[in-house]
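This is final_32.cif (mmCIF, C-alpha atoms).
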```cif
data_model
loop_
_atom_site.label_atom_id
_atom_site.label_comp_id
_atom_site.auth_asym_id
_atom_site.auth_seq_id
_atom_site.Cartn_x
_atom_site.Cartn_y
_atom_site.Cartn_z
CA MET B 1 0.00 0.00 0.00
CA THR B 2 1.16 3.56 -0.67
CA ASN B 3 1.79 6.03 2.17
CA LYS B 4 1.27 8.96 -0.18
CA THR B 5 -1.09 11.66 1.05
CA PHE B 6 -3.44 13.29 -1.47
CA VAL B 7 -5.21 16.61 -1.10
CA THR B 8 -8.97 16.30 -0.81
CA HIS B 9 -11.26 16.81 -3.79
CA GLU B 10 -12.65 19.94 -2.15
CA ALA B 11 -9.17 21.36 -1.52
CA LEU B 12 -8.15 20.66 -5.12
CA LEU B 13 -11.24 22.42 -6.50
CA ALA B 14 -10.63 25.39 -4.18
CA LEU B 15 -7.04 25.64 -5.46
CA ILE B 16 -8.25 25.59 -9.07
CA GLU B 17 -10.94 28.23 -8.45
CA GLU B 18 -8.41 30.47 -6.72
CA GLY B 19 -6.04 30.10 -9.66
CA LEU B 20 -8.75 30.83 -12.24
CA ASN B 21 -9.92 33.91 -10.38
CA ALA B 22 -6.35 35.24 -10.34
CA ALA B 23 -5.71 34.34 -13.99
CA VAL B 24 -8.38 36.78 -15.22
CA PRO B 25 -8.77 39.46 -12.51
CA GLU B 26 -11.59 41.94 -12.41
CA ALA B 27 -10.76 45.19 -14.16
CA ALA B 28 -9.94 48.10 -11.84
CA ALA B 29 -10.98 50.64 -14.48
CA PRO B 30 -13.04 50.64 -17.69
CA TYR B 31 -9.82 50.81 -19.70
CA ALA B 32 -6.21 51.13 -18.61
CA HIS B 33 -2.90 50.45 -20.33
CA GLY B 34 -1.57 46.99 -19.56
CA HIS B 35 -4.99 45.63 -18.64
CA PRO B 36 -7.90 44.26 -20.70
CA PRO B 37 -10.92 46.54 -21.09
CA ALA B 38 -13.41 46.03 -18.27
CA LEU B 39 -16.06 44.68 -20.66
CA LEU B 40 -13.68 42.06 -22.03
CA ALA B 41 -12.53 40.96 -18.56
CA GLU B 42 -16.14 40.71 -17.43
CA ALA B 43 -17.13 38.57 -20.42
CA MET B 44 -14.10 36.29 -19.95
CA ARG B 45 -14.83 35.86 -16.24
CA TYR B 46 -18.55 35.28 -16.91
CA SER B 47 -17.83 31.98 -18.65
CA LEU B 48 -14.59 31.00 -16.90
CA LEU B 49 -16.03 31.31 -13.39
CA ALA B 50 -19.46 29.87 -14.19
CA GLY B 51 -18.71 26.64 -12.37
CA GLY B 52 -18.25 23.29 -14.03
CA LYS B 53 -16.47 20.10 -13.06
CA ARG B 54 -12.92 21.44 -13.71
CA LEU B 55 -12.04 18.05 -15.14
CA ARG B 56 -8.99 18.99 -17.18
CA PRO B 57 -7.16 20.98 -14.50
CA ALA B 58 -7.98 18.25 -11.97
CA LEU B 59 -6.51 15.60 -14.27
CA LEU B 60 -3.28 17.57 -14.63
CA LEU B 61 -2.93 18.28 -10.91
CA ARG B 62 -3.72 14.69 -9.91
CA THR B 63 -1.10 13.46 -12.39
CA VAL B 64 1.48 15.84 -10.94
CA GLU B 65 0.51 14.78 -7.42
CA MET B 66 0.79 11.10 -8.37
CA LEU B 67 4.30 11.65 -9.72
CA GLY B 68 5.49 13.65 -6.72
CA GLY B 69 5.44 17.08 -8.35
CA ASP B 70 4.58 20.51 -6.94
CA LEU B 71 0.91 21.48 -7.27
CA GLN B 72 1.65 25.19 -7.03
CA GLU B 73 4.20 24.98 -9.84
CA ALA B 74 1.62 23.19 -12.00
CA LEU B 75 -1.36 25.41 -11.13
CA ALA B 76 -0.94 27.94 -13.96
CA MET B 77 -0.83 25.11 -16.48
CA ALA B 78 -3.90 23.47 -14.95
CA CYS B 79 -5.82 26.74 -15.09
CA ALA B 80 -4.68 27.32 -18.67
CA LEU B 81 -6.33 24.05 -19.68
CA GLU B 82 -9.63 25.23 -18.21
CA MET B 83 -9.25 28.55 -20.04
CA ILE B 84 -8.66 26.73 -23.34
CA HIS B 85 -11.67 24.51 -22.69
CA THR B 86 -13.85 27.50 -21.80
CA TYR B 87 -12.84 29.43 -24.91
CA SER B 88 -13.86 26.42 -27.00
CA LEU B 89 -17.26 26.31 -25.28
CA ILE B 90 -17.90 30.02 -25.88
CA HIS B 91 -17.15 29.56 -29.57
CA ASP B 92 -19.08 26.26 -29.79
CA ASP B 93 -22.19 27.96 -28.45
CA LEU B 94 -22.21 30.67 -31.14
CA PRO B 95 -24.99 30.64 -33.76
CA ALA B 96 -22.47 29.78 -36.49
CA MET B 97 -21.55 26.59 -34.63
CA ASP B 98 -23.85 24.75 -32.21
CA ASN B 99 -26.15 27.73 -31.54
CA ASP B 100 -26.81 27.03 -27.84
CA ASP B 101 -28.70 29.35 -25.50
CA PHE B 102 -27.56 27.86 -22.18
CA ARG B 103 -24.30 26.61 -20.76
CA ARG B 104 -23.71 25.47 -17.17
CA GLY B 105 -27.26 26.47 -16.26
CA ARG B 106 -27.02 30.09 -17.39
CA PRO B 107 -27.32 32.01 -20.69
CA THR B 108 -24.40 31.47 -23.06
CA ASN B 109 -21.80 34.20 -23.42
CA HIS B 110 -23.12 35.59 -26.70
CA LYS B 111 -26.64 35.80 -25.28
CA VAL B 112 -25.35 38.16 -22.58
CA TYR B 113 -22.59 40.11 -24.34
CA GLY B 114 -23.38 39.71 -28.04
CA GLU B 115 -21.60 37.61 -30.63
CA GLY B 116 -18.68 39.98 -31.23
CA ILE B 117 -17.67 40.28 -27.56
CA ALA B 118 -18.19 36.53 -27.08
CA ILE B 119 -15.72 35.81 -29.89
CA LEU B 120 -13.22 38.21 -28.32
CA ALA B 121 -13.78 36.68 -24.86
CA GLY B 122 -12.92 33.27 -26.30
CA ASP B 123 -9.88 34.71 -28.07
CA GLY B 124 -8.83 36.41 -24.84
CA LEU B 125 -9.03 33.21 -22.82
CA LEU B 126 -7.00 31.27 -25.39
CA ASN B 127 -4.24 33.87 -25.53
CA SER B 128 -4.22 34.39 -21.77
CA ALA B 129 -3.84 30.64 -21.26
CA PHE B 130 -0.56 30.53 -23.14
CA GLU B 131 0.66 33.82 -21.70
CA GLY B 132 0.04 32.43 -18.21
CA MET B 133 1.83 29.15 -18.91
CA LEU B 134 4.87 30.87 -20.41
CA CYS B 135 5.15 33.45 -17.62
CA ASN B 136 4.95 30.63 -15.08
CA ALA B 137 7.59 28.59 -16.93
CA LEU B 138 10.07 31.46 -16.64
CA ARG B 139 9.79 31.25 -12.85
CA TYR B 140 11.41 27.80 -12.97
CA PRO B 141 14.55 28.15 -15.12
CA GLU B 142 15.99 24.90 -13.75
CA ARG B 143 12.98 23.04 -15.19
CA LEU B 144 12.28 25.28 -18.18
CA GLN B 145 12.68 22.45 -20.70
CA ARG B 146 10.04 20.37 -18.91
CA HIS B 147 7.63 23.31 -18.90
CA VAL B 148 8.15 23.99 -22.59
CA ALA B 149 7.61 20.33 -23.46
CA ALA B 150 4.39 20.29 -21.44
CA ILE B 151 3.13 23.52 -23.04
CA GLU B 152 3.86 22.10 -26.51
CA ALA B 153 1.90 18.96 -25.65
CA ILE B 154 -1.11 21.08 -24.71
CA ALA B 155 -0.80 23.40 -27.73
CA ARG B 156 -0.64 20.49 -30.19
CA ARG B 157 -3.64 18.71 -28.75
CA ALA B 158 -5.71 21.90 -28.58
CA GLY B 159 -4.80 22.96 -32.11
CA VAL B 160 -5.49 22.12 -35.73
CA THR B 161 -4.31 18.50 -35.39
CA GLY B 162 -6.27 18.18 -32.16
CA MET B 163 -9.41 19.79 -30.82
CA ILE B 164 -9.84 22.39 -33.57
CA GLY B 165 -9.39 19.76 -36.28
CA GLY B 166 -12.03 17.59 -34.65
CA GLN B 167 -14.41 20.53 -34.34
CA CYS B 168 -13.93 21.28 -38.05
CA LEU B 169 -15.07 17.81 -39.12
CA ASP B 170 -17.81 17.75 -36.49
CA LEU B 171 -19.21 20.97 -37.96
CA SER B 172 -18.72 20.12 -41.63
CA SER B 173 -20.27 16.66 -41.31
CA GLU B 174 -23.55 17.83 -39.74
CA GLY B 175 -26.46 16.24 -41.57
CA MET B 176 -24.09 14.40 -43.91
CA GLY B 177 -23.92 11.02 -42.17
CA GLY B 178 -20.67 9.12 -41.93
CA ASP B 179 -19.02 5.95 -40.72
CA GLU B 180 -17.21 4.74 -37.64
CA SER B 181 -13.86 5.92 -38.99
CA LEU B 182 -15.05 9.52 -39.29
CA LEU B 183 -16.80 9.42 -35.93
CA SER B 184 -13.69 8.02 -34.22
CA TYR B 185 -11.56 10.80 -35.73
CA ILE B 186 -14.01 13.52 -34.62
CA HIS B 187 -14.30 12.28 -31.05
CA LEU B 188 -10.61 11.49 -30.64
CA HIS B 189 -9.64 14.98 -31.76
CA LYS B 190 -12.56 17.12 -30.61
CA THR B 191 -12.81 15.61 -27.13
CA ALA B 192 -10.20 13.03 -26.19
CA ARG B 193 -7.17 15.12 -27.16
CA LEU B 194 -8.05 17.59 -24.40
CA PHE B 195 -8.16 14.71 -21.90
CA ILE B 196 -4.82 13.39 -23.09
CA ALA B 197 -3.24 16.85 -22.85
CA PRO B 198 -3.50 17.30 -19.06
CA VAL B 199 -2.17 13.88 -18.08
CA VAL B 200 0.68 13.90 -20.60
CA ALA B 201 1.57 17.51 -19.77
CA GLY B 202 1.55 16.64 -16.08
CA GLY B 203 3.84 13.71 -16.80
CA LEU B 204 6.25 15.84 -18.84
CA LEU B 205 6.33 18.49 -16.13
CA CYS B 206 7.41 15.83 -13.63
CA GLY B 207 9.99 14.19 -15.91
CA ALA B 208 8.01 10.96 -16.38
CA GLU B 209 9.64 8.10 -18.26
CA SER B 210 8.47 7.18 -21.78
CA LYS B 211 6.62 4.09 -20.48
CA GLN B 212 4.74 6.22 -17.99
CA LEU B 213 3.90 8.82 -20.64
CA SER B 214 2.55 6.10 -22.93
CA ALA B 215 0.37 4.75 -20.11
CA LEU B 216 -0.95 8.24 -19.37
CA GLU B 217 -1.78 8.76 -23.04
CA VAL B 218 -3.74 5.49 -23.18
CA TYR B 219 -5.63 6.50 -20.04
CA GLY B 220 -6.43 10.00 -21.31
CA ARG B 221 -7.49 8.80 -24.76
CA ASN B 222 -9.83 6.10 -23.51
CA VAL B 223 -11.35 8.18 -20.73
CA GLY B 224 -11.89 11.02 -23.20
CA LEU B 225 -13.58 8.79 -25.76
CA ALA B 226 -15.76 7.18 -23.10
CA PHE B 227 -16.67 10.63 -21.77
CA GLN B 228 -17.82 11.69 -25.24
CA ILE B 229 -19.94 8.58 -25.74
CA VAL B 230 -21.56 9.15 -22.34
CA ASP B 231 -22.17 12.75 -23.43
CA ASP B 232 -23.87 11.48 -26.60
CA LEU B 233 -26.04 9.16 -24.52
CA LEU B 234 -26.96 11.94 -22.09
CA ASP B 235 -27.92 14.23 -24.96
CA LEU B 236 -30.32 11.49 -25.99
CA GLU B 237 -31.57 10.40 -22.57
CA GLY B 238 -30.37 12.93 -19.98
CA ASP B 239 -32.13 15.58 -17.93
CA ALA B 240 -31.60 19.11 -19.27
CA LEU B 241 -32.00 20.74 -15.85
CA ALA B 242 -29.39 18.49 -14.24
CA MET B 243 -27.00 19.01 -17.15
CA GLY B 244 -27.40 22.78 -17.31
CA LYS B 245 -27.91 22.77 -21.07
CA ALA B 246 -30.51 21.68 -23.62
CA THR B 247 -30.72 18.03 -24.61
CA GLY B 248 -31.59 16.65 -28.03
CA ALA B 249 -29.26 19.10 -29.76
CA ASP B 250 -27.23 16.40 -31.53
CA ALA B 251 -30.27 14.95 -33.32
CA LYS B 252 -31.55 18.43 -34.17
CA LEU B 253 -28.23 19.36 -35.80
CA GLY B 254 -27.83 15.98 -37.50
CA LYS B 255 -24.58 15.27 -35.67
CA LEU B 256 -22.79 11.95 -36.02
CA THR B 257 -22.87 10.19 -32.62
CA TRP B 258 -22.19 6.69 -31.29
CA PRO B 259 -25.82 5.98 -30.32
CA ALA B 260 -27.04 7.17 -33.73
CA LEU B 261 -24.43 5.15 -35.61
CA LEU B 262 -24.24 1.93 -33.58
CA GLY B 263 -27.25 2.00 -31.27
CA VAL B 264 -27.57 2.72 -27.56
CA GLU B 265 -26.58 -0.71 -26.24
CA THR B 266 -23.46 -0.94 -28.41
CA ALA B 267 -22.50 2.56 -27.31
CA ARG B 268 -22.82 1.54 -23.65
CA GLN B 269 -20.68 -1.54 -24.24
CA LYS B 270 -18.04 0.62 -25.89
CA VAL B 271 -17.94 2.82 -22.77
CA ALA B 272 -17.33 -0.28 -20.65
CA ASP B 273 -14.52 -1.47 -22.94
CA LEU B 274 -12.84 1.95 -22.94
CA ARG B 275 -13.06 2.19 -19.14
CA ARG B 276 -11.39 -1.19 -18.73
CA GLU B 277 -8.50 -0.28 -21.03
CA ALA B 278 -8.07 3.17 -19.44
CA PHE B 279 -7.92 1.81 -15.90
CA GLY B 280 -5.62 -1.02 -16.92
CA ALA B 281 -3.12 1.48 -18.33
CA LEU B 282 -2.60 2.97 -14.85
CA GLU B 283 -1.58 -0.31 -13.22
CA CYS B 284 2.09 0.62 -13.62
CA PHE B 285 1.60 3.46 -11.10
CA GLY B 286 0.19 1.19 -8.40
CA ASP B 287 -1.85 2.69 -5.57
CA ALA B 288 -0.55 6.18 -6.39
CA ALA B 289 -3.03 6.24 -9.30
CA LYS B 290 -6.10 6.01 -7.07
CA GLU B 291 -7.15 9.64 -7.58
CA LEU B 292 -6.80 9.44 -11.36
CA LEU B 293 -8.80 6.21 -11.31
CA GLY B 294 -11.47 7.99 -9.28
CA ILE B 295 -11.72 10.82 -11.82
CA GLY B 296 -11.95 8.31 -14.65
CA ASP B 297 -14.72 6.47 -12.87
CA ARG B 298 -16.74 9.65 -12.33
CA LEU B 299 -16.25 10.81 -15.91
CA THR B 300 -17.44 7.58 -17.46
CA SER B 301 -20.37 6.83 -15.14
CA ARG B 302 -21.85 10.33 -14.80
CA LYS B 303 -25.57 11.05 -15.08
CA ALA B 304 -25.27 14.78 -15.87
#
```
Entire entry expressed as structure tokens:
Amino acid sequence: MTNKTFVTHEALLALIEEGLNAAVPEAAAPYAHGHPPALLAEAMRYSLLAGGKRLRPALLLRTVEMLGGDLQEALAMACALEMIHTYSLIHDDLPAMDNDDFRRGRPTNHKVYGEGIAILAGDGLLNSAFEGMLCNALRYPERLQRHVAAIEAIARRAGVTGMIGGQCLDLSSEGMGGDESLLSYIHLHKTARLFIAPVVAGGLLCGAESKQLSALEVYGRNVGLAFQIVDDLLDLEGDALAMGKATGADAKLGKLTWPALLGVETARQKVADLRREAFGALECFGDAAKELLGIGDRLTSRKA
């Protein structure tokens, strides 16, 4: 058995919320040199601090904790992942994309601030994420190479060969049908890449060995894919109030999903298979992986 002590779930979430609040502070004046305009800061904070499960920063911090790293050193990177995720949600909700009115139980960003400011709020969060990671990296010159490698891992998986690439095909294939190959590509890139990013980045930050990095990638990929299939099932069967957003949107937009392509029962079986492979990948970390296993379990068995 491991003697390692882990911070509580509540303490971890409090750390993340504190970091996010500091990453995009409230504006002291409507406009001032060296600070974002007050309207932009307000719109960025509106979506960033709207709650949510904070899955991606938690995955990174639990990976760092598992490998004996410093949570405070990793906090800026963890918060950057949530900022990248939030920017993608703001843009996803726009009329030109998924055209959603609610997110996390409240009106979407463009419904409050208008489409133009919502686009800029998303842009601001994306740029601030990388600015924050790079500024933080410079505080640790003795581990600068590790920080840069971790930032590159996040950038690649959030970019045109990762999340953005998946979003492109998700959008362009609406109403067009498709096969399992296309669906696998969309979900791997649109969703799973941003679950791989935190665990691999956390591993790189801690100097993990190649075998460990490979295990983390398998875990992140399979948990991310299972998460997306569960999301597809919840859009079909879930409760809109509990989820904080409308259900039935996938069918309305003609999106390619696992339940639509293979049927509900096959989709559920695929979730079970992905869970098994994800959890098996972490066996090399022994009992130290218990918190990552717990996150994976919650992600793939959620009801909202």
- Expected selection from the PyMOL selection byres ((chain B and resi 280) around 12), given as a list in words: Ala215, Leu216, Val218, Tyr219, Gly220, Asn222, Val223, Asp273, Leu274, Arg275, Arg276, Glu277, Ala278, Phe279, Ala281, Leu282, Glu283, Cys284, Phe285, Gly286, Ala289, Leu292, Leu293 and Gly296 of chain B
Store the residues picked out above in a file with C-alpha atoms, as a PDB file, in the coordinates of the input.
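Here's the written file part.pdb:
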```
ATOM      1  CA  ALA B 215       0.370   4.750 -20.110  1.00  0.00           C
ATOM      2  CA  LEU B 216      -0.950   8.240 -19.370  1.00  0.00           C
ATOM      3  CA  VAL B 218      -3.740   5.490 -23.180  1.00  0.00           C
ATOM      4  CA  TYR B 219      -5.630   6.500 -20.040  1.00  0.00           C
ATOM      5  CA  GLY B 220      -6.430  10.000 -21.310  1.00  0.00           C
ATOM      6  CA  ASN B 222      -9.830   6.100 -23.510  1.00  0.00           C
ATOM      7  CA  VAL B 223     -11.350   8.180 -20.730  1.00  0.00           C
ATOM      8  CA  ASP B 273     -14.520  -1.470 -22.940  1.00  0.00           C
ATOM      9  CA  LEU B 274     -12.840   1.950 -22.940  1.00  0.00           C
ATOM     10  CA  ARG B 275     -13.060   2.190 -19.140  1.00  0.00           C
ATOM     11  CA  ARG B 276     -11.390  -1.190 -18.730  1.00  0.00           C
ATOM     12  CA  GLU B 277      -8.500  -0.280 -21.030  1.00  0.00           C
ATOM     13  CA  ALA B 278      -8.070   3.170 -19.440  1.00  0.00           C
ATOM     14  CA  PHE B 279      -7.920   1.810 -15.900  1.00  0.00           C
ATOM     15  CA  ALA B 281      -3.120   1.480 -18.330  1.00  0.00           C
ATOM     16  CA  LEU B 282      -2.600   2.970 -14.850  1.00  0.00           C
ATOM     17  CA  GLU B 283      -1.580  -0.310 -13.220  1.00  0.00           C
ATOM     18  CA  CYS B 284       2.090   0.620 -13.620  1.00  0.00           C
ATOM     19  CA  PHE B 285       1.600   3.460 -11.100  1.00  0.00           C
ATOM     20  CA  GLY B 286       0.190   1.190  -8.400  1.00  0.00           C
ATOM     21  CA  ALA B 289      -3.030   6.240  -9.300  1.00  0.00           C
ATOM     22  CA  LEU B 292      -6.800   9.440 -11.360  1.00  0.00           C
ATOM     23  CA  LEU B 293      -8.800   6.210 -11.310  1.00  0.00           C
ATOM     24  CA  GLY B 296     -11.950   8.310 -14.650  1.00  0.00           C
TER      25      GLY B 296
END
```
- Query: B:Ala260, B:Leu120, B:Leu171, B:Met77: which is nearest Val148 (chain B), counting only C-alpha atoms?
  - Reply: B:Met77
- Let me know the residues the PyMOL selection byres ((chain B and resi 150-164) around 6) catches in the file above, as a ChimeraX atom specification. /B:147-149,165-167,189-190,193,197,201,204-205
List as CSV every residue of region 183-234 of chain B that is in contact with region 263-271 of chain B, defined as an atom at most 9 Å from one of its atoms (using all atoms listed in the file), together with the nearest atom pair and the distance in Å rounded to one decimal, sorted by chain and then rising number.
```
residue,atom,partner,partner_atom,distance
B:Asn222,CA,B:Val271,CA,8.8
B:Val223,CA,B:Val271,CA,8.7
B:Leu225,CA,B:Val271,CA,8.0
B:Ala226,CA,B:Val271,CA,4.9
B:Phe227,CA,B:Val271,CA,8.0
B:Ile229,CA,B:Ala267,CA,6.7
B:Val230,CA,B:Val271,CA,7.3
B:Leu233,CA,B:Val264,CA,7.3
```
- Can you list what the PyMOL selection byres ((chain B and resi 4) around 12) grabs from this structure, as a list of chain:residue names?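 Here the PyMOL selection byres ((chain B and resi 4) around 12) matches B:Met1, B:Thr2, B:Asn3, B:Thr5, B:Phe6, B:Val7, B:Glu65, B:Met66, B:Leu67, B:Gly68, B:Gly286, B:Asp287, B:Ala288, B:Ala289, B:Lys290, B:Glu291.
Taking all atoms listed in the file into account, Met44 (chain B) lies nearest to B:His110 out of the set B:Arg62, B:His110, B:Arg146, B:Arg302.
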